[in-house]
$ cat input-v9.txt   # compact mmCIF, C-alpha atoms
# COMPACT_ATOMS: atom_id res chain seq x y z
CA MET A 276 -4.23 -9.68 -21.85
CA ASN A 277 -6.63 -6.94 -22.77
CA GLY A 278 -9.18 -7.39 -25.53
CA PHE A 279 -11.22 -5.24 -27.87
CA GLY A 280 -14.95 -4.94 -28.35
CA PHE A 281 -17.67 -2.50 -29.27
CA ASN A 282 -19.40 -0.09 -26.98
CA SER A 283 -23.04 0.96 -27.24
CA ASN A 284 -22.19 3.47 -29.98
CA GLY A 285 -20.51 0.85 -32.11
CA PHE A 286 -17.01 2.08 -31.51
CA VAL A 287 -14.13 -0.21 -30.80
CA ARG A 288 -13.24 -0.08 -27.16
CA GLN A 289 -10.42 -1.72 -25.34
CA PHE A 290 -11.36 -3.93 -22.44
CA LEU A 291 -9.42 -3.30 -19.30
CA ASP A 292 -10.87 -6.20 -17.44
CA LYS A 293 -7.67 -8.07 -16.77
CA PRO A 294 -4.78 -6.70 -14.79
CA ILE A 295 -1.28 -6.59 -16.17
CA THR A 296 -0.11 -8.07 -12.94
CA THR A 297 -1.48 -8.99 -9.55
CA TYR A 298 0.50 -8.94 -6.35
CA THR A 299 -0.81 -10.70 -3.26
CA HIS A 300 0.95 -9.86 -0.04
CA THR A 301 1.67 -12.86 2.17
CA THR A 302 5.09 -12.27 3.69
CA ASN A 303 4.17 -10.63 6.98
CA LYS A 304 5.17 -12.55 10.05
CA GLU A 305 2.01 -13.13 12.08
CA VAL A 306 2.06 -13.12 15.85
CA VAL A 307 -0.97 -14.39 17.71
CA ILE A 308 -1.28 -13.24 21.28
CA SER A 309 -2.42 -15.75 23.86
CA ALA A 310 -2.50 -13.42 26.86
CA VAL A 311 -2.16 -9.79 27.81
CA ASP A 312 -1.01 -8.71 31.23
CA VAL A 313 -2.18 -5.15 31.80
CA ASP A 314 -0.33 -4.96 35.10
CA THR A 315 3.06 -5.59 33.52
CA ASP A 316 2.11 -4.29 30.04
CA THR A 317 3.24 -7.59 28.56
CA PHE A 318 2.01 -9.66 25.65
CA THR A 319 2.42 -13.43 25.63
CA SER A 320 2.97 -15.37 22.44
CA VAL A 321 4.72 -18.71 22.80
CA ALA A 322 7.92 -18.93 20.74
CA HIS A 323 7.09 -15.71 18.91
CA GLY A 324 10.51 -15.44 17.33
CA LEU A 325 10.54 -11.66 17.41
CA ALA A 326 13.56 -9.49 18.03
CA ASN A 327 13.76 -6.29 20.00
CA GLY A 328 13.21 -3.43 17.59
CA ASP A 329 10.75 -5.30 15.38
CA ARG A 330 7.81 -3.10 14.52
CA LEU A 331 4.37 -4.66 14.85
CA PHE A 332 0.92 -3.57 13.80
CA ALA A 333 -2.34 -4.76 15.25
CA ILE A 334 -4.35 -6.34 12.46
CA MET A 335 -7.97 -7.32 12.69
CA ASN A 336 -9.02 -10.92 12.25
CA TYR A 337 -11.44 -11.23 9.37
CA ASP A 338 -12.00 -14.82 10.35
CA ALA A 339 -13.68 -13.55 13.46
CA GLY A 340 -16.45 -12.22 11.27
CA ASN A 341 -15.94 -8.62 12.15
CA ILE A 342 -14.34 -5.59 10.72
CA TYR A 343 -12.82 -4.77 14.01
CA PRO A 344 -10.87 -1.79 15.23
CA ALA A 345 -7.19 -2.34 14.95
CA ASP A 346 -5.95 0.45 17.13
CA LYS A 347 -7.38 -0.18 20.54
CA TYR A 348 -5.23 -2.81 22.15
CA ALA A 349 -3.65 0.03 24.02
CA THR A 350 -4.64 3.62 24.37
CA GLY A 351 -3.98 5.43 21.16
CA ALA A 352 -1.73 2.73 19.76
CA ILE A 353 -1.92 0.69 16.62
CA THR A 354 1.75 -0.03 16.32
CA GLY A 355 4.76 -0.50 18.49
CA TYR A 356 8.36 -1.64 18.59
CA VAL A 357 9.22 -4.83 20.43
CA VAL A 358 11.17 -4.22 23.62
CA ASN A 359 12.20 -6.40 26.55
CA LYS A 360 11.41 -9.60 24.72
CA THR A 361 11.80 -13.06 26.13
CA ASP A 362 11.21 -16.30 24.28
CA ASN A 363 7.48 -16.14 24.97
CA THR A 364 6.69 -12.55 25.91
CA PHE A 365 7.38 -9.02 24.81
CA GLN A 366 6.38 -5.44 25.38
CA LEU A 367 5.81 -2.69 22.86
CA SER A 368 7.20 0.80 22.80
CA ALA A 369 6.35 3.86 20.75
CA SER A 370 9.97 4.01 19.66
CA SER A 371 12.67 1.46 19.06
CA GLY A 372 14.37 0.77 22.38
CA GLY A 373 11.97 3.10 24.18
CA VAL A 374 9.77 2.82 27.23
CA ALA A 375 7.10 0.12 27.16
CA GLN A 376 3.60 1.31 26.33
CA ASN A 377 1.00 1.24 29.02
CA ILE A 378 -1.77 -1.23 28.22
CA THR A 379 -5.11 -0.43 29.70
CA ALA A 380 -7.83 -2.98 30.28
CA ASN A 381 -10.58 -2.52 27.72
CA ALA A 382 -12.95 -4.50 25.56
CA ASN A 383 -10.63 -4.26 22.59
CA LEU A 384 -8.18 -6.60 24.21
CA ASP A 385 -10.43 -9.43 23.02
CA LEU A 386 -7.72 -11.64 21.57
CA THR A 387 -10.07 -13.41 19.18
CA LYS A 388 -10.45 -10.21 17.18
CA TRP A 389 -6.93 -9.26 16.22
CA HIS A 390 -3.33 -10.32 16.00
CA PHE A 391 -0.02 -8.64 15.30
CA GLU A 392 1.83 -8.62 12.02
CA LYS A 393 5.34 -7.50 11.22
CA ASN A 394 4.93 -5.43 8.08
CA PRO A 395 7.38 -4.50 5.37
CA SER A 396 8.50 -0.92 4.92
CA ASN A 397 7.78 -0.71 1.24
CA ILE A 398 6.22 -2.81 -1.47
CA THR A 399 7.44 -2.08 -4.96
CA ILE A 400 5.74 -3.32 -8.09
CA SER A 401 8.63 -3.18 -10.53
CA ASN A 402 9.44 -3.94 -14.13
CA LEU A 403 6.11 -2.73 -15.48
CA PRO A 404 5.80 -2.06 -19.20
CA PRO A 405 6.42 1.67 -19.59
CA SER A 406 3.11 3.49 -19.67
CA ALA A 407 1.90 7.02 -19.05
CA LYS A 408 -1.13 5.82 -17.16
CA TYR A 409 -1.74 3.10 -14.66
CA LYS A 410 -4.59 2.19 -12.42
CA LEU A 411 -4.12 0.32 -9.18
CA LEU A 412 -6.86 -1.52 -7.43
CA ILE A 413 -5.87 -2.25 -3.88
CA LYS A 414 -8.08 -4.73 -2.15
CA GLY A 415 -7.22 -4.70 1.46
CA ARG A 416 -7.81 -6.83 4.33
CA THR A 417 -6.38 -3.85 6.07
CA LEU A 418 -5.16 -0.61 4.74
CA ALA A 419 -5.17 1.03 8.09
CA ALA A 420 -5.46 4.66 8.88
CA GLY A 421 -2.48 6.83 8.43
CA PRO A 422 -0.25 8.12 5.70
CA ALA A 423 -0.34 5.54 2.94
CA TYR A 424 2.26 6.84 0.58
CA LEU A 425 2.78 6.08 -3.04
CA LEU A 426 6.18 6.53 -4.54
CA VAL A 427 6.59 6.77 -8.25
CA ASN A 428 10.17 5.85 -8.78
CA ASP A 429 10.37 6.36 -12.47
CA ILE A 430 10.11 10.11 -12.52
CA THR A 431 12.59 12.80 -11.82
CA VAL A 432 11.21 14.63 -8.89
CA ASN A 433 11.59 18.20 -7.87
CA SER A 434 11.06 19.02 -4.27
CA GLU A 435 8.75 21.83 -5.35
CA TRP A 436 5.95 19.37 -5.85
CA GLY A 437 6.96 16.37 -3.83
CA ILE A 438 5.03 16.40 -0.61
CA THR A 439 8.00 15.33 1.44
CA GLY A 440 10.56 17.03 -0.70
CA GLY A 441 11.57 13.76 -2.26
CA THR A 442 9.91 11.17 -4.39
CA THR A 443 7.11 10.49 -1.97
CA TYR A 444 3.57 11.51 -2.76
CA GLY A 445 0.75 11.13 -0.35
CA VAL A 446 -1.99 9.20 -2.02
CA PRO A 447 -4.94 11.55 -1.99
CA GLY A 448 -7.75 10.33 0.12
CA LEU A 449 -5.72 7.64 1.77
CA SER A 450 -4.62 9.54 4.78
CA THR A 451 -7.90 10.09 6.52
CA SER A 452 -7.20 9.83 10.18
CA GLY A 453 -9.12 7.40 12.26
CA ASP A 454 -10.46 5.09 9.58
CA ILE A 455 -9.33 1.78 8.18
CA TYR A 456 -9.13 1.39 4.44
CA ILE A 457 -10.48 -1.81 3.02
CA SER A 458 -10.16 -0.92 -0.64
CA ALA A 459 -8.69 1.80 -2.79
CA GLU A 460 -8.47 2.73 -6.43
CA ILE A 461 -5.57 4.87 -7.57
CA LEU A 462 -5.17 6.36 -11.01
CA ILE A 463 -1.83 7.81 -12.04
CA ASP A 464 -1.75 9.89 -15.18
CA TYR A 465 1.64 11.09 -16.34
CA THR A 466 0.55 12.95 -19.44
CA ASP A 467 0.91 16.72 -19.48
CA PHE A 468 0.85 16.82 -15.71
CA LEU A 469 1.41 14.18 -13.12
CA SER A 470 -1.90 13.59 -11.47
CA ILE A 471 -2.63 11.04 -8.81
CA SER A 472 -6.22 10.47 -7.92
CA GLY A 473 -7.41 8.10 -5.32
CA LYS A 474 -10.65 6.97 -3.88
CA GLY A 475 -11.13 4.50 -1.14
CA LYS A 476 -13.59 2.82 1.08
CA THR A 477 -13.05 2.94 4.78
CA VAL A 478 -14.64 1.57 7.86
CA SER A 479 -14.49 3.31 11.15
CA ASN A 480 -12.04 2.01 13.69
CA ASN A 481 -14.38 2.87 16.47
CA THR A 482 -15.95 -0.08 18.22
CA SER A 483 -19.27 1.63 18.49
CA SER A 484 -19.55 2.02 14.74
CA ALA A 485 -17.46 -0.85 13.43
CA PHE A 486 -19.58 -1.30 10.34
CA THR A 487 -19.89 2.33 9.38
CA SER A 488 -18.25 2.87 6.02
CA ALA A 489 -17.30 6.00 4.14
CA SER A 490 -15.89 6.86 0.74
CA HIS A 491 -13.05 9.22 0.02
CA ASP A 492 -12.16 10.71 -3.31
CA LYS A 493 -9.37 13.16 -3.98
CA MET A 494 -6.94 14.18 -6.68
CA MET A 495 -3.52 15.73 -6.65
CA VAL A 496 -1.94 17.34 -9.72
CA SER A 497 1.62 18.50 -10.09
CA PRO A 498 1.87 22.27 -10.43
CA LYS A 499 4.20 22.09 -13.40
CA TYR A 500 4.07 20.45 -16.78
CA ARG A 501 5.42 16.93 -16.71
CA ASP A 502 5.32 14.08 -19.13
CA GLY A 503 6.74 10.64 -18.68
CA LEU A 504 6.32 6.93 -18.44
CA ILE A 505 5.81 4.87 -15.34
CA THR A 506 7.58 1.56 -14.78
CA ALA A 507 7.24 1.02 -11.05
CA PHE A 508 5.19 1.91 -8.02
CA THR A 509 6.12 1.74 -4.41
CA LEU A 510 3.49 1.52 -1.73
CA SER A 511 4.18 2.09 1.90
CA GLY A 512 3.98 -1.25 3.59
CA TRP A 513 3.54 -0.09 7.15
CA TYR A 514 -0.16 -0.74 7.22
CA VAL A 515 -0.41 -3.62 4.79
CA ALA A 516 -1.75 -6.86 6.16
CA ASN A 517 -1.35 -10.31 4.74
CA GLY A 518 -3.99 -10.93 2.13
CA LEU A 519 -3.76 -7.51 0.54
CA VAL A 520 -4.04 -7.68 -3.24
CA VAL A 521 -2.72 -5.06 -5.66
CA GLU A 522 -4.00 -5.31 -9.22
CA VAL A 523 -2.26 -3.18 -11.84
CA TYR A 524 -4.12 -2.13 -14.97
CA ARG A 525 -3.28 0.00 -17.91
CA ALA A 526 -5.57 2.98 -17.69
CA MET B 188 13.32 -2.31 7.50
CA THR B 189 12.06 -4.81 5.01
CA ASN B 190 11.38 -3.95 1.41
CA ILE B 191 9.38 -6.16 -0.90
CA ILE B 192 10.18 -6.04 -4.60
CA TYR B 193 7.66 -7.70 -6.88
CA ASP B 194 8.64 -8.16 -10.51
CA ALA B 195 5.54 -7.60 -12.63
CA GLN B 196 6.90 -9.56 -15.55
CA THR B 197 8.34 -12.61 -13.83
CA GLY B 198 6.02 -12.71 -10.83
CA GLU B 199 9.00 -13.16 -8.53
CA THR B 200 9.09 -11.53 -5.13
CA SER B 201 12.31 -10.47 -3.45
CA ILE B 202 12.64 -9.51 0.19
CA ILE B 203 15.40 -7.08 1.01
CA GLU B 204 16.42 -6.35 4.58
CA VAL B 205 18.09 -3.00 5.06
CA PRO B 206 19.08 -1.05 8.17
CA ASP B 207 16.46 1.43 9.32
CA GLU B 208 18.56 4.42 8.46
CA GLU B 209 18.97 3.33 4.87
CA MET B 210 16.39 3.46 2.16
CA SER B 211 16.88 1.04 -0.65
CA ILE B 212 17.21 2.74 -3.98
CA ILE B 213 15.51 0.85 -6.71
CA GLU B 214 17.13 1.32 -10.05
CA HIS B 215 14.95 1.56 -13.09
CA SER B 216 16.25 1.88 -16.57
CA GLN B 217 14.88 4.84 -18.41
CA PRO B 218 12.45 3.98 -21.20
CA THR B 219 13.90 4.15 -24.66
CA LEU B 220 12.62 6.60 -27.22
CA GLU B 221 10.94 3.71 -28.99
CA GLU B 222 9.13 2.68 -25.81
CA ARG B 223 7.97 6.24 -25.24
CA LEU B 224 6.66 6.54 -28.77
CA THR B 225 4.87 3.21 -28.53
CA ALA B 226 3.24 4.23 -25.28
CA LEU B 227 2.17 7.59 -26.68
CA GLU B 228 0.77 5.95 -29.80
CA THR B 229 -1.19 3.56 -27.59
CA LEU B 230 -2.63 6.49 -25.71
CA GLU B 231 -3.61 8.23 -28.92
CA LEU B 232 -5.38 5.11 -30.15
CA GLU B 233 -7.23 4.82 -26.85
CA ARG B 234 -8.29 8.46 -27.07
CA MET B 235 -9.55 7.94 -30.62
CA PHE B 236 -11.67 4.94 -29.76
CA ASP B 237 -12.61 5.69 -26.18
CA VAL B 238 -15.78 7.74 -26.46

$ encode --input "input-v9.txt" --output "structure tokens"
Amino acid sequence: MNGFGFNSNGFVRQFLDKPITTYTHTTNKEVVISAVDVDTDTFTSVAHGLANGDRLFAIMNYDAGNIYPADKYATGAITGYVVNKTDNTFQLSASSGGVAQNITANANLDLTKWHFEKNPSNITISNLPPSAKYKLLIKGRTLAAGPAYLLVNDITVNSEWGITGGTTYGVPGLSTSGDIYISAEILIDYTDFLSISGKGKTVSNNTSSAFTSASHDKMMVSPKYRDGLITAFTLSGWYVANGLVVEVYRA
Amino acid sequence: MTNIIYDAQTGETSIIEVPDEEMSIIEHSQPTLEERLTALETLELERMFDV
């Protein structure tokens, strides 16, 4: 519950130090790889329980003490669909039911540094008290590179200002290619115009600069007057690892 | 695909499995006029005191 106090000028000011709600993501299935055969492009994980068509993402192991690149287990790949699975092995393909990816021998196949997770498609924070403004603090273990989308389900959307022609809005600053997001702050303001601003902290996914970090800060504003209340957010779950925390604040 | 629905008020998490070609549509009731007014009044109060 928020409180009230006085700022340096003696005015009453509302504290926003406690979130309305906090979601911690823990539902990903985790798959630890015990061996990689680069000759047959096969991963081994005893009794993995996966099905062909399952989509996996390589997720770094924080327990290993490193912010480690998540996209280098195979050339250019961070994700893949399970194909040709047996009880203890599987291959990955760029498409469901497609040809197995070629795995090349490289230092990033160090199996102590990463594992696979089967991620959800979407994560929706629902049933929020209606409000024109919300702030999200996303504290990632991994918000990996790529299009991290935010859907605001509560609004009527015209394709003229929806990035994908629907209800999907790219979160500004969260689509920088090649980096891995470890935290992000998103402010949604639905007064007068719908504006979504985001800033995030990334680390490079390059092994040679694993600890290099960068900040990103962008804003997107709808081109037409809008006014409304927000009751739910949907985050793309493709890149969300177990341990991710989403805190929702009134803004 | 798997969709996670987290209820902010109950803290309950639901996992919904849907075929890849389908997107789950999440229904949200529209805020009432009273809720809109309350929210706008809250904003006005914040603007008055937030210097």

$ interface_residues --input "input-v9.txt" --of "chain A" --to "chain B" --cutoff "6 Å" --atoms "only C-alpha atoms" --output "ChimeraX atom specification"
/A:287-288,296,395-403,406

$ atom_distance --input "input-v9.txt" --atom1 "atom CA of Asp385 of chain A" --atom2 "atom CA of Val313 of chain A"
12.8 Å

$ atom_distance --input "input-v9.txt" --atom1 "atom CA of Trp389 of chain A" --atom2 "atom CA of Val374 of chain A"
23.4 Å

$ atom_distance --input "input-v9.txt" --atom1 "atom CA of Asn327 of chain A" --atom2 "atom CA of Val307 of chain A"
17.0 Å

$ residues_around --input "input-v9.txt" --residues "Val523 of chain A" --least-positions-apart "2" --cutoff "7 Å" --atoms "all atoms listed in the file" --output "list of chain:residue names"
A:Pro294, A:Ile295, A:Thr296, A:Thr297, A:Tyr409, A:Lys410, A:Leu411, A:Leu412, A:Val521, A:Arg525

$ residues_around --input "input-v9.txt" --residues "Phe365 of chain A" --least-positions-apart "5" --cutoff "10 Å" --atoms "only C-alpha atoms" --output "ChimeraX atom specification"
/A:316-320,323,325-327,356-360,375

$ closest_residue --input "input-v9.txt" --among "A:Lys474, A:Lys393, A:Arg330, A:Lys293" --to "Leu367 of chain A" --atoms "all atoms listed in the file"
A:Arg330

$ axis_aligned_box --input "input-v9.txt" --around "segment 369-374 of chain A" --padding-each-side "6 Å" --output "lines of an AutoDock Vina configuration file"
center_x = 10.4
center_y = 2.4
center_z = 23.1
size_x = 20.0
size_y = 15.2
size_z = 20.2
